[in-house]
file protein.txt (compact mmCIF, C-alpha atoms)
# COMPACT_ATOMS: atom_id res chain seq x y z
CA MET D 1288 8.49 -31.34 -7.28
CA ARG D 1289 10.06 -30.17 -10.52
CA THR D 1290 13.04 -27.81 -10.55
CA LEU D 1291 12.34 -24.31 -11.81
CA ARG D 1292 14.62 -23.80 -14.80
CA LYS D 1293 12.84 -21.26 -17.01
CA ALA D 1294 11.66 -17.66 -16.75
CA VAL D 1295 9.30 -15.72 -19.00
CA ILE D 1296 9.77 -11.97 -19.41
CA PRO D 1297 7.17 -10.11 -21.51
CA VAL D 1298 8.76 -7.20 -23.40
CA ALA D 1299 6.22 -6.53 -26.15
CA GLY D 1300 4.67 -3.37 -24.66
CA LEU D 1301 4.77 -0.08 -26.56
CA GLY D 1302 6.09 2.02 -23.67
CA THR D 1303 3.87 4.99 -24.49
CA ARG D 1304 4.41 6.56 -21.06
CA PHE D 1305 8.01 7.27 -22.08
CA LEU D 1306 7.43 8.80 -25.48
CA PRO D 1307 9.27 10.24 -27.35
CA ALA D 1308 12.22 8.22 -25.95
CA THR D 1309 10.47 4.97 -26.83
CA LYS D 1310 9.48 5.95 -30.36
CA ALA D 1311 12.49 4.14 -31.83
CA GLN D 1312 13.78 2.02 -28.93
CA PRO D 1313 12.15 -0.43 -26.50
CA LYS D 1314 11.30 0.97 -23.08
CA GLU D 1315 13.08 -2.07 -21.60
CA MET D 1316 16.35 -0.74 -23.04
CA LEU D 1317 16.13 2.53 -21.11
CA PRO D 1318 19.15 2.57 -18.78
CA LEU D 1319 19.48 2.70 -15.04
CA VAL D 1320 22.77 4.60 -15.10
CA ASP D 1321 24.51 2.55 -17.85
CA THR D 1322 22.69 -0.79 -17.81
CA PRO D 1323 19.32 -1.41 -19.49
CA VAL D 1324 16.38 -2.18 -17.22
CA ILE D 1325 15.87 -5.54 -18.97
CA GLN D 1326 19.38 -6.67 -18.03
CA TYR D 1327 18.68 -6.09 -14.33
CA VAL D 1328 15.56 -8.25 -14.65
CA VAL D 1329 17.43 -11.03 -16.46
CA GLU D 1330 20.24 -10.97 -13.90
CA GLU D 1331 17.71 -11.30 -11.06
CA ALA D 1332 16.37 -14.47 -12.67
CA ILE D 1333 19.88 -15.86 -13.09
CA ARG D 1334 20.74 -15.20 -9.43
CA ALA D 1335 17.66 -17.22 -8.49
CA GLY D 1336 18.94 -20.25 -10.43
CA VAL D 1337 17.07 -19.82 -13.72
CA GLU D 1338 18.92 -21.26 -16.71
CA SER D 1339 16.68 -20.35 -19.67
CA ILE D 1340 15.04 -17.01 -20.43
CA VAL D 1341 12.01 -16.74 -22.73
CA LEU D 1342 11.46 -13.17 -23.90
CA VAL D 1343 8.03 -12.41 -25.37
CA THR D 1344 8.74 -9.68 -27.91
CA GLY D 1345 6.89 -7.66 -30.51
CA ARG D 1346 7.56 -5.34 -33.43
CA GLY D 1347 10.38 -2.88 -32.86
CA LYS D 1348 12.03 -4.92 -30.10
CA GLY D 1349 15.09 -6.04 -32.04
CA ALA D 1350 17.40 -4.00 -29.82
CA ILE D 1351 16.65 -6.36 -26.93
CA GLU D 1352 17.67 -9.41 -28.92
CA ASN D 1353 20.79 -7.60 -30.14
CA HIS D 1354 21.73 -6.66 -26.58
CA PHE D 1355 21.93 -10.30 -25.49
CA ASP D 1356 23.46 -11.51 -28.76
CA VAL D 1357 27.07 -11.54 -29.96
CA ALA D 1358 28.18 -8.14 -31.27
CA TYR D 1359 31.04 -9.25 -33.52
CA GLU D 1360 32.02 -5.83 -34.90
CA LEU D 1361 32.04 -4.19 -31.46
CA GLU D 1362 33.97 -7.07 -29.89
CA ASP D 1363 36.52 -7.03 -32.70
CA THR D 1364 37.01 -3.28 -32.36
CA LEU D 1365 37.46 -3.52 -28.58
CA ARG D 1366 39.92 -6.39 -29.00
CA ARG D 1367 42.04 -4.50 -31.53
CA ARG D 1368 42.09 -1.42 -29.33
CA GLY D 1369 43.14 -3.39 -26.27
CA LYS D 1370 40.03 -2.50 -24.27
CA HIS D 1371 39.85 -5.87 -22.57
CA ASP D 1372 37.66 -4.80 -19.63
CA ASP D 1373 35.02 -3.45 -22.00
CA LEU D 1374 35.33 -6.58 -24.12
CA ASP D 1375 34.71 -8.81 -21.10
CA LEU D 1376 31.73 -6.67 -20.10
CA VAL D 1377 30.12 -7.10 -23.52
CA ARG D 1378 30.85 -10.81 -23.72
CA ASP D 1379 29.47 -11.51 -20.24
CA ILE D 1380 26.04 -10.25 -21.32
CA THR D 1381 25.91 -12.81 -24.11
CA HIS D 1382 26.64 -15.68 -21.73
CA LEU D 1383 24.18 -14.80 -18.96
CA ALA D 1384 21.70 -17.53 -19.92
CA GLN D 1385 20.11 -19.45 -22.76
CA PHE D 1386 17.74 -17.06 -24.54
CA ALA D 1387 14.66 -17.85 -26.60
CA TYR D 1388 12.35 -15.33 -28.25
CA VAL D 1389 8.67 -15.63 -29.15
CA ARG D 1390 6.52 -12.96 -30.78
CA GLN D 1391 3.25 -11.54 -29.53
CA GLY D 1392 1.67 -10.49 -32.80
CA GLU D 1393 -0.97 -8.24 -31.27
CA PRO D 1394 -1.05 -6.24 -28.01
CA LEU D 1395 -3.77 -8.33 -26.38
CA GLY D 1396 -2.73 -8.01 -22.75
CA LEU D 1397 -0.39 -9.63 -20.26
CA GLY D 1398 -2.35 -12.87 -20.14
CA HIS D 1399 -2.00 -13.26 -23.89
CA ALA D 1400 1.71 -12.45 -23.75
CA VAL D 1401 2.27 -15.20 -21.19
CA LEU D 1402 0.22 -17.65 -23.27
CA CYS D 1403 2.49 -16.92 -26.26
CA ALA D 1404 5.35 -18.51 -24.28
CA ARG D 1405 3.48 -21.79 -23.74
CA HIS D 1406 5.35 -23.91 -26.27
CA ALA D 1407 8.73 -22.48 -25.24
CA VAL D 1408 8.04 -23.27 -21.57
CA GLY D 1409 6.43 -26.66 -22.05
CA ASP D 1410 5.06 -28.67 -19.14
CA GLU D 1411 7.27 -27.04 -16.50
CA PRO D 1412 6.83 -24.54 -13.67
CA PHE D 1413 8.29 -21.18 -14.60
CA ALA D 1414 9.08 -17.77 -13.21
CA LEU D 1415 7.36 -14.72 -14.67
CA LEU D 1416 9.10 -11.37 -14.29
CA LEU D 1417 7.68 -8.02 -15.41
CA GLY D 1418 10.22 -5.40 -16.35
CA ASP D 1419 8.69 -2.32 -14.75
CA ASP D 1420 9.57 -3.52 -11.25
CA VAL D 1421 13.30 -3.76 -10.52
CA PHE D 1422 14.51 -4.96 -7.13
CA ASP D 1423 17.62 -4.25 -5.10
CA GLU D 1424 20.03 -7.01 -6.03
CA ARG D 1425 21.38 -7.17 -2.46
CA ASP D 1426 18.08 -8.61 -1.17
CA SER D 1427 15.92 -11.61 -2.01
CA ALA D 1428 13.21 -11.01 -4.59
CA LEU D 1429 12.43 -13.92 -6.92
CA GLU D 1430 14.22 -16.24 -4.48
CA ALA D 1431 11.47 -15.60 -1.90
CA LEU D 1432 8.84 -16.86 -4.35
CA ILE D 1433 10.84 -19.94 -5.28
CA THR D 1434 11.12 -20.78 -1.59
CA ALA D 1435 7.33 -20.49 -1.26
CA TYR D 1436 6.82 -22.65 -4.34
CA HIS D 1437 9.04 -25.42 -2.99
CA ALA D 1438 7.28 -25.24 0.38
CA THR D 1439 3.73 -25.44 -1.03
CA GLY D 1440 3.91 -26.83 -4.56
CA LYS D 1441 1.49 -24.09 -5.65
CA SER D 1442 1.71 -21.07 -7.92
CA VAL D 1443 3.04 -18.00 -6.13
CA VAL D 1444 2.57 -14.25 -6.55
CA GLY D 1445 5.07 -11.82 -5.06
CA VAL D 1446 3.42 -9.07 -3.02
CA GLN D 1447 4.23 -5.92 -1.10
CA GLU D 1448 1.98 -3.65 0.94
CA VAL D 1449 1.18 -0.35 -0.78
CA PRO D 1450 -0.55 2.83 0.44
CA GLU D 1451 -4.34 2.77 0.21
CA ASP D 1452 -4.38 5.40 -2.53
CA HIS D 1453 -2.13 3.17 -4.68
CA VAL D 1454 -4.20 -0.02 -4.65
CA SER D 1455 -6.02 0.98 -7.84
CA ARG D 1456 -2.71 0.62 -9.72
CA TYR D 1457 -2.19 -3.07 -8.94
CA GLY D 1458 -3.68 -6.50 -8.69
CA ILE D 1459 -4.60 -6.89 -5.02
CA VAL D 1460 -4.76 -10.19 -3.12
CA SER D 1461 -6.61 -11.21 0.03
CA ALA D 1462 -4.84 -10.40 3.29
CA PRO D 1463 -3.02 -12.94 5.47
CA ARG D 1464 -4.84 -14.18 8.56
CA ASP D 1465 -1.82 -13.44 10.73
CA ARG D 1466 1.81 -12.49 10.32
CA GLU D 1467 2.40 -15.30 7.86
CA SER D 1468 5.50 -15.58 5.70
CA MET D 1469 3.19 -16.88 2.94
CA TRP D 1470 -0.55 -17.49 2.68
CA ASP D 1471 -3.21 -19.02 0.46
CA VAL D 1472 -4.85 -16.45 -1.79
CA THR D 1473 -8.65 -16.61 -1.61
CA ALA D 1474 -9.26 -13.57 -3.82
CA ILE D 1475 -7.30 -11.47 -6.32
CA VAL D 1476 -8.75 -8.35 -7.94
CA GLU D 1477 -7.25 -6.28 -10.76
CA LYS D 1478 -6.89 -2.56 -9.95
CA PRO D 1479 -9.82 -2.25 -7.52
CA LYS D 1480 -11.10 0.96 -6.01
CA PRO D 1481 -9.68 1.40 -2.49
CA GLU D 1482 -13.08 0.76 -0.92
CA ASP D 1483 -13.43 -2.51 -2.87
CA ALA D 1484 -9.91 -3.85 -2.35
CA PRO D 1485 -9.54 -7.03 -0.28
CA SER D 1486 -6.33 -5.67 1.28
CA ARG D 1487 -3.36 -3.43 0.52
CA TRP D 1488 -1.18 -6.36 -0.56
CA ALA D 1489 -0.26 -5.68 -4.19
CA VAL D 1490 1.20 -8.05 -6.77
CA VAL D 1491 4.48 -6.46 -7.83
CA GLY D 1492 5.55 -8.11 -11.04
CA ARG D 1493 7.04 -11.40 -9.84
CA TYR D 1494 5.40 -14.83 -10.10
CA VAL D 1495 6.20 -18.54 -10.02
CA LEU D 1496 3.52 -20.37 -11.99
CA GLU D 1497 2.53 -23.95 -12.61
CA PRO D 1498 2.03 -24.89 -16.26
CA ARG D 1499 -1.71 -25.40 -15.55
CA VAL D 1500 -2.01 -21.61 -15.77
CA PHE D 1501 -1.72 -21.96 -19.56
CA ASP D 1502 -4.96 -23.96 -19.68
CA HIS D 1503 -6.76 -21.17 -17.83
CA LEU D 1504 -5.25 -18.50 -20.07
CA ALA D 1505 -6.25 -20.39 -23.21
CA ALA D 1506 -9.85 -20.58 -21.98
CA LEU D 1507 -10.17 -16.90 -21.08
CA LYS D 1508 -12.49 -14.52 -22.88
CA PRO D 1509 -11.16 -11.04 -23.65
CA GLY D 1510 -11.98 -8.35 -21.12
CA VAL D 1511 -11.80 -4.56 -21.22
CA GLY D 1512 -10.13 -3.31 -24.40
CA GLY D 1513 -10.13 -6.80 -25.87
CA GLU D 1514 -7.23 -7.83 -23.62
CA TYR D 1515 -6.69 -11.12 -21.82
CA GLN D 1516 -5.88 -10.49 -18.18
CA LEU D 1517 -3.42 -12.66 -16.28
CA THR D 1518 -5.28 -11.78 -13.09
CA ASP D 1519 -8.37 -13.62 -14.37
CA ALA D 1520 -6.35 -16.83 -14.75
CA LEU D 1521 -4.80 -16.33 -11.32
CA ALA D 1522 -8.28 -15.94 -9.84
CA LEU D 1523 -9.13 -19.38 -11.22
CA LEU D 1524 -6.02 -20.82 -9.57
CA ALA D 1525 -7.12 -19.21 -6.30
CA LYS D 1526 -10.54 -20.89 -6.59
CA GLU D 1527 -8.74 -24.21 -7.00
CA ASP D 1528 -6.66 -23.50 -3.86
CA ARG D 1529 -3.54 -23.39 -6.04
CA LEU D 1530 -2.33 -19.83 -5.42
CA VAL D 1531 -0.08 -18.52 -2.66
CA ALA D 1532 1.11 -14.99 -1.84
CA ALA D 1533 4.68 -14.45 -0.66
CA PRO D 1534 5.95 -11.04 0.51
CA ILE D 1535 9.06 -9.79 -1.28
CA PRO D 1536 11.51 -8.29 1.23
CA ALA D 1537 13.68 -6.53 -1.36
CA GLN D 1538 13.46 -2.81 -2.03
CA ARG D 1539 11.46 -2.20 -5.20
CA PHE D 1540 12.05 0.44 -7.85
CA ASP D 1541 9.09 1.14 -10.12
CA THR D 1542 10.60 2.10 -13.48
CA GLY D 1543 7.20 2.23 -15.17
CA ASN D 1544 6.56 5.93 -14.49
CA LYS D 1545 8.81 8.88 -15.07
CA LEU D 1546 9.23 10.15 -11.51
CA ASP D 1547 10.03 6.74 -10.03
CA TYR D 1548 12.32 5.99 -12.98
CA LEU D 1549 14.32 9.12 -12.14
CA LYS D 1550 14.42 8.10 -8.47
CA ALA D 1551 15.65 4.65 -9.47
CA ASN D 1552 18.52 6.17 -11.45
CA VAL D 1553 19.58 8.18 -8.40
CA GLU D 1554 19.39 5.13 -6.13
CA PHE D 1555 21.32 2.90 -8.51
CA ALA D 1556 24.00 5.54 -9.06
CA LEU D 1557 24.50 5.81 -5.29
CA LYS D 1558 25.11 2.04 -5.14
CA ARG D 1559 28.02 2.29 -7.59
CA GLU D 1560 31.47 2.52 -6.03
CA ASP D 1561 32.78 4.38 -9.08
CA LEU D 1562 30.07 7.05 -8.86
CA ARG D 1563 28.81 7.16 -5.28
CA ASP D 1564 31.11 9.71 -3.66
CA ASP D 1565 31.16 12.29 -6.47
CA PHE D 1566 27.44 11.88 -7.13
CA ALA D 1567 26.57 12.21 -3.44
CA THR D 1568 28.62 15.41 -3.28
CA TYR D 1569 26.73 16.77 -6.27
CA LEU D 1570 23.35 15.90 -4.74
CA LYS D 1571 24.25 17.65 -1.48
CA GLU D 1572 25.27 20.77 -3.40
CA LEU D 1573 22.10 20.60 -5.46
CA ALA D 1574 19.93 20.22 -2.34
CA LYS D 1575 21.34 23.47 -0.97
CA ARG D 1576 20.17 25.31 -4.09
CA LEU D 1577 16.61 23.94 -4.03
call {"tool": "encode", "arguments": {"input": "protein.txt", "output": "structure tokens"}}
result
Amino acid sequence: MRTLRKAVIPVAGLGTRFLPATKAQPKEMLPLVDTPVIQYVVEEAIRAGVESIVLVTGRGKGAIENHFDVAYELEDTLRRRGKHDDLDLVRDITHLAQFAYVRQGEPLGLGHAVLCARHAVGDEPFALLLGDDVFDERDSALEALITAYHATGKSVVGVQEVPEDHVSRYGIVSAPRDRESMWDVTAIVEKPKPEDAPSRWAVVGRYVLEPRVFDHLAALKPGVGGEYQLTDALALLAKEDRLVAAPIPAQRFDTGNKLDYLKANVEFALKREDLRDDFATYLKELAKRL
């Protein structure tokens, strides 16, 4: 079985749910405290052993490339001012991984975005990480999927159980037959009505995929809104008995909507040793006034 070396991260979305903040900057550069969401996603991939990151970008996403590139003027200024800790912080970002960038010329859906990375990935298995879902770095997230991939040799989707009234927000997979640590997916449905959902197990933005998924994506016909849905290609893998679901044990933070994004900032701030005590004191005082 081939080693998983590469990860694809689509970042071409317009981020309209966060307008006006995303009018002139990518939504992926919105910070959790002082670190952009995209950096948390990249660091998760690196912790799981990924060496090469393929970012699928679009117009107006130059700030992402700049973030992971050398910032000569900034580094020179920090060096001359003796701010060595800040200099190391900036340099470390540049050396996180090998980065490659491909462009998605039109917003034709997640399936199309993944297909754009085909030539950069080649004939290798790869991880796919979506930026809206950020996981607690103290627990296993992508690692759980890689373990399932090595155990089965099949493509893997990361899942978590969600409330029944939330199933219409996600791709939903068939339920396990028992308390299995992983199971073969027999059905996957994109954003079903609760009464039509095969379970409450939702795909939460983490995948390990065989390169054969590209053949299925290339053969897809556009669906609603002219978009190519990744779920349709995954459904074909399920029919071929090539798709497995693996629960992700890590705490998930959904940064794709405003309320959960605010909650994520609070949670991440409370994990910081330099902020935790003072911030917790403030929150307690604030709670008394509410």
call {"tool": "closest_atom_pairs", "arguments": {"input": "protein.txt", "of": "range 1288-1322 of chain D", "to": "range 1387-1405 of chain D", "cutoff": "8 Å", "atoms": "all atoms listed in the file", "output": "CSV"}}
result
residue,atom,partner,partner_atom,distance
D:Val1295,CA,D:Ala1404,CA,7.2
D:Pro1297,CA,D:Ala1400,CA,6.3
D:Ala1299,CA,D:Gln1391,CA,6.7
D:Gly1300,CA,D:Pro1394,CA,7.2
call {"tool": "write_last_selection", "arguments": {"input": "protein.txt", "atoms": "C-alpha atoms", "output": "mmCIF file, keeping the file's coordinate frame"}}
result
data_model
loop_
_atom_site.group_PDB
_atom_site.id
_atom_site.type_symbol
_atom_site.label_atom_id
_atom_site.label_comp_id
_atom_site.auth_asym_id
_atom_site.auth_seq_id
_atom_site.Cartn_x
_atom_site.Cartn_y
_atom_site.Cartn_z
ATOM 1 C CA VAL D 1295 9.300 -15.720 -19.000
ATOM 2 C CA PRO D 1297 7.170 -10.110 -21.510
ATOM 3 C CA ALA D 1299 6.220 -6.530 -26.150
ATOM 4 C CA GLY D 1300 4.670 -3.370 -24.660
#
call {"tool": "residues_around", "arguments": {"input": "protein.txt", "residues": "Arg1425 in chain D", "least_positions_apart": "2", "cutoff": "10 Å", "atoms": "only C-alpha atoms", "output": "list in words"}}
result
Phe1422, Asp1423, Ser1427, Ala1428, Ala1537 and Gln1538 of chain D
call {"tool": "closest_residue", "arguments": {"input": "protein.txt", "among": "D:Leu1517, D:Ala1522, D:Val1408, D:Ala1532", "to": "Val1444 in chain D", "atoms": "all atoms listed in the file"}}
result
D:Ala1532
call {"tool": "closest_atom_pairs", "arguments": {"input": "protein.txt", "of": "range 1536-1561 of chain D", "to": "range 1325-1343 of chain D", "cutoff": "12 Å", "atoms": "all atoms listed in the file", "output": "Markdown table"}}
result
| residue | atom | partner | partner_atom | distance |
| --- | --- | --- | --- | --- |
| D:Ala1537 | CA | D:Glu1331 | CA | 11.5 |
| D:Arg1539 | CA | D:Val1328 | CA | 11.9 |
| D:Phe1540 | CA | D:Tyr1327 | CA | 11.3 |
| D:Thr1542 | CA | D:Ile1325 | CA | 10.8 |
| D:Phe1555 | CA | D:Tyr1327 | CA | 11.0 |
call {"tool": "residues_around", "arguments": {"input": "protein.txt", "residues": "Ala1438 in chain D", "least_positions_apart": "5", "cutoff": "12 Å", "atoms": "all atoms listed in the file", "output": "number ranges by chain"}}
result
D: 1288, 1431-1433, 1443, 1468-1470, 1531, 1533
call {"tool": "closest_residue", "arguments": {"input": "protein.txt", "among": "D:Gly1458, D:Gly1369, D:Pro1318, D:Pro1313", "to": "Gly1347 in chain D", "atoms": "all atoms listed in the file"}}
result
D:Pro1313
call {"tool": "atom_distance", "arguments": {"input": "protein.txt", "atom1": "CA of Asp1379 in chain D", "atom2": "CA of Gly1418 in chain D"}}
result
20.6 Å
call {"tool": "atom_distance", "arguments": {"input": "protein.txt", "atom1": "CA of Ile1475 in chain D", "atom2": "CA of Val1454 in chain D"}}
result
12.0 Å
call {"tool": "build_atoms", "arguments": {"input": "protein.txt", "residues": "range 1552-1563 of chain D", "atoms": "all heavy atoms", "output": "short mmCIF file (atom, residue, chain, number, x, y, z; two decimals), in the frame of the given file"}}
result
data_model
loop_
_atom_site.label_atom_id
_atom_site.label_comp_id
_atom_site.auth_asym_id
_atom_site.auth_seq_id
_atom_site.Cartn_x
_atom_site.Cartn_y
_atom_site.Cartn_z
N ASN D 1552 17.20 5.83 -10.95
CA ASN D 1552 18.52 6.17 -11.45
C ASN D 1552 19.41 6.76 -10.35
O ASN D 1552 20.60 6.44 -10.25
CB ASN D 1552 18.41 7.15 -12.62
CG ASN D 1552 18.39 6.45 -13.96
OD1 ASN D 1552 19.42 6.00 -14.45
ND2 ASN D 1552 17.20 6.33 -14.54
N VAL D 1553 18.82 7.61 -9.51
CA VAL D 1553 19.58 8.18 -8.40
C VAL D 1553 20.02 7.07 -7.44
O VAL D 1553 21.18 6.99 -7.02
CB VAL D 1553 18.75 9.24 -7.66
CG1 VAL D 1553 19.46 9.70 -6.39
CG2 VAL D 1553 18.49 10.43 -8.57
N GLU D 1554 19.08 6.21 -7.08
CA GLU D 1554 19.39 5.13 -6.13
C GLU D 1554 20.46 4.19 -6.67
O GLU D 1554 21.38 3.79 -5.95
CB GLU D 1554 18.11 4.34 -5.81
CG GLU D 1554 17.05 5.14 -5.06
CD GLU D 1554 17.33 5.25 -3.58
OE1 GLU D 1554 18.34 4.68 -3.12
OE2 GLU D 1554 16.54 5.90 -2.88
N PHE D 1555 20.35 3.83 -7.94
CA PHE D 1555 21.32 2.90 -8.51
C PHE D 1555 22.69 3.56 -8.65
O PHE D 1555 23.72 2.90 -8.50
CB PHE D 1555 20.82 2.38 -9.86
CG PHE D 1555 19.93 1.17 -9.73
CD1 PHE D 1555 18.66 1.29 -9.19
CD2 PHE D 1555 20.37 -0.07 -10.13
CE1 PHE D 1555 17.84 0.18 -9.06
CE2 PHE D 1555 19.56 -1.19 -10.00
CZ PHE D 1555 18.29 -1.07 -9.47
N ALA D 1556 22.72 4.84 -8.96
CA ALA D 1556 24.00 5.54 -9.06
C ALA D 1556 24.70 5.58 -7.70
O ALA D 1556 25.92 5.43 -7.61
CB ALA D 1556 23.79 6.96 -9.58
N LEU D 1557 23.92 5.74 -6.64
CA LEU D 1557 24.50 5.81 -5.29
C LEU D 1557 25.00 4.44 -4.82
O LEU D 1557 25.74 4.37 -3.83
CB LEU D 1557 23.48 6.36 -4.30
CG LEU D 1557 23.14 7.85 -4.47
CD1 LEU D 1557 21.99 8.25 -3.56
CD2 LEU D 1557 24.38 8.72 -4.19
N LYS D 1558 24.61 3.37 -5.49
CA LYS D 1558 25.11 2.04 -5.14
C LYS D 1558 26.44 1.73 -5.84
O LYS D 1558 27.10 0.74 -5.49
CB LYS D 1558 24.08 0.97 -5.55
CG LYS D 1558 22.74 1.07 -4.84
CD LYS D 1558 21.77 0.03 -5.37
CE LYS D 1558 20.35 0.28 -4.90
NZ LYS D 1558 20.22 0.20 -3.45
N ARG D 1559 26.82 2.56 -6.79
CA ARG D 1559 28.02 2.29 -7.59
C ARG D 1559 29.26 2.88 -6.91
O ARG D 1559 29.32 4.09 -6.65
CB ARG D 1559 27.84 2.91 -8.98
CG ARG D 1559 26.78 2.23 -9.83
CD ARG D 1559 27.42 1.11 -10.61
NE ARG D 1559 28.42 1.63 -11.52
CZ ARG D 1559 28.17 1.91 -12.82
NH1 ARG D 1559 26.97 1.66 -13.33
NH2 ARG D 1559 29.12 2.39 -13.59
N GLU D 1560 30.25 2.03 -6.67
CA GLU D 1560 31.47 2.52 -6.03
C GLU D 1560 32.17 3.57 -6.88
O GLU D 1560 32.80 4.49 -6.35
CB GLU D 1560 32.42 1.35 -5.76
CG GLU D 1560 31.92 0.40 -4.68
CD GLU D 1560 32.95 -0.67 -4.36
OE1 GLU D 1560 34.07 -0.59 -4.91
OE2 GLU D 1560 32.63 -1.57 -3.57
N ASP D 1561 32.08 3.44 -8.22
CA ASP D 1561 32.78 4.38 -9.08
C ASP D 1561 32.07 5.72 -9.21
O ASP D 1561 32.64 6.68 -9.74
CB ASP D 1561 32.99 3.77 -10.48
CG ASP D 1561 31.67 3.40 -11.15
OD1 ASP D 1561 30.71 3.06 -10.44
OD2 ASP D 1561 31.60 3.45 -12.40
N LEU D 1562 30.85 5.82 -8.72
CA LEU D 1562 30.07 7.05 -8.86
C LEU D 1562 29.62 7.63 -7.52
O LEU D 1562 29.34 8.83 -7.44
CB LEU D 1562 28.82 6.78 -9.72
CG LEU D 1562 29.03 6.39 -11.17
CD1 LEU D 1562 27.70 6.01 -11.81
CD2 LEU D 1562 29.67 7.54 -11.94
N ARG D 1563 29.51 6.78 -6.51
CA ARG D 1563 28.81 7.16 -5.28
C ARG D 1563 29.32 8.45 -4.65
O ARG D 1563 28.54 9.37 -4.37
CB ARG D 1563 28.91 6.01 -4.26
CG ARG D 1563 28.18 6.30 -2.94
CD ARG D 1563 28.22 5.09 -2.04
NE ARG D 1563 29.59 4.65 -1.79
CZ ARG D 1563 30.03 3.43 -2.06
NH1 ARG D 1563 29.23 2.54 -2.60
NH2 ARG D 1563 31.29 3.10 -1.80
#
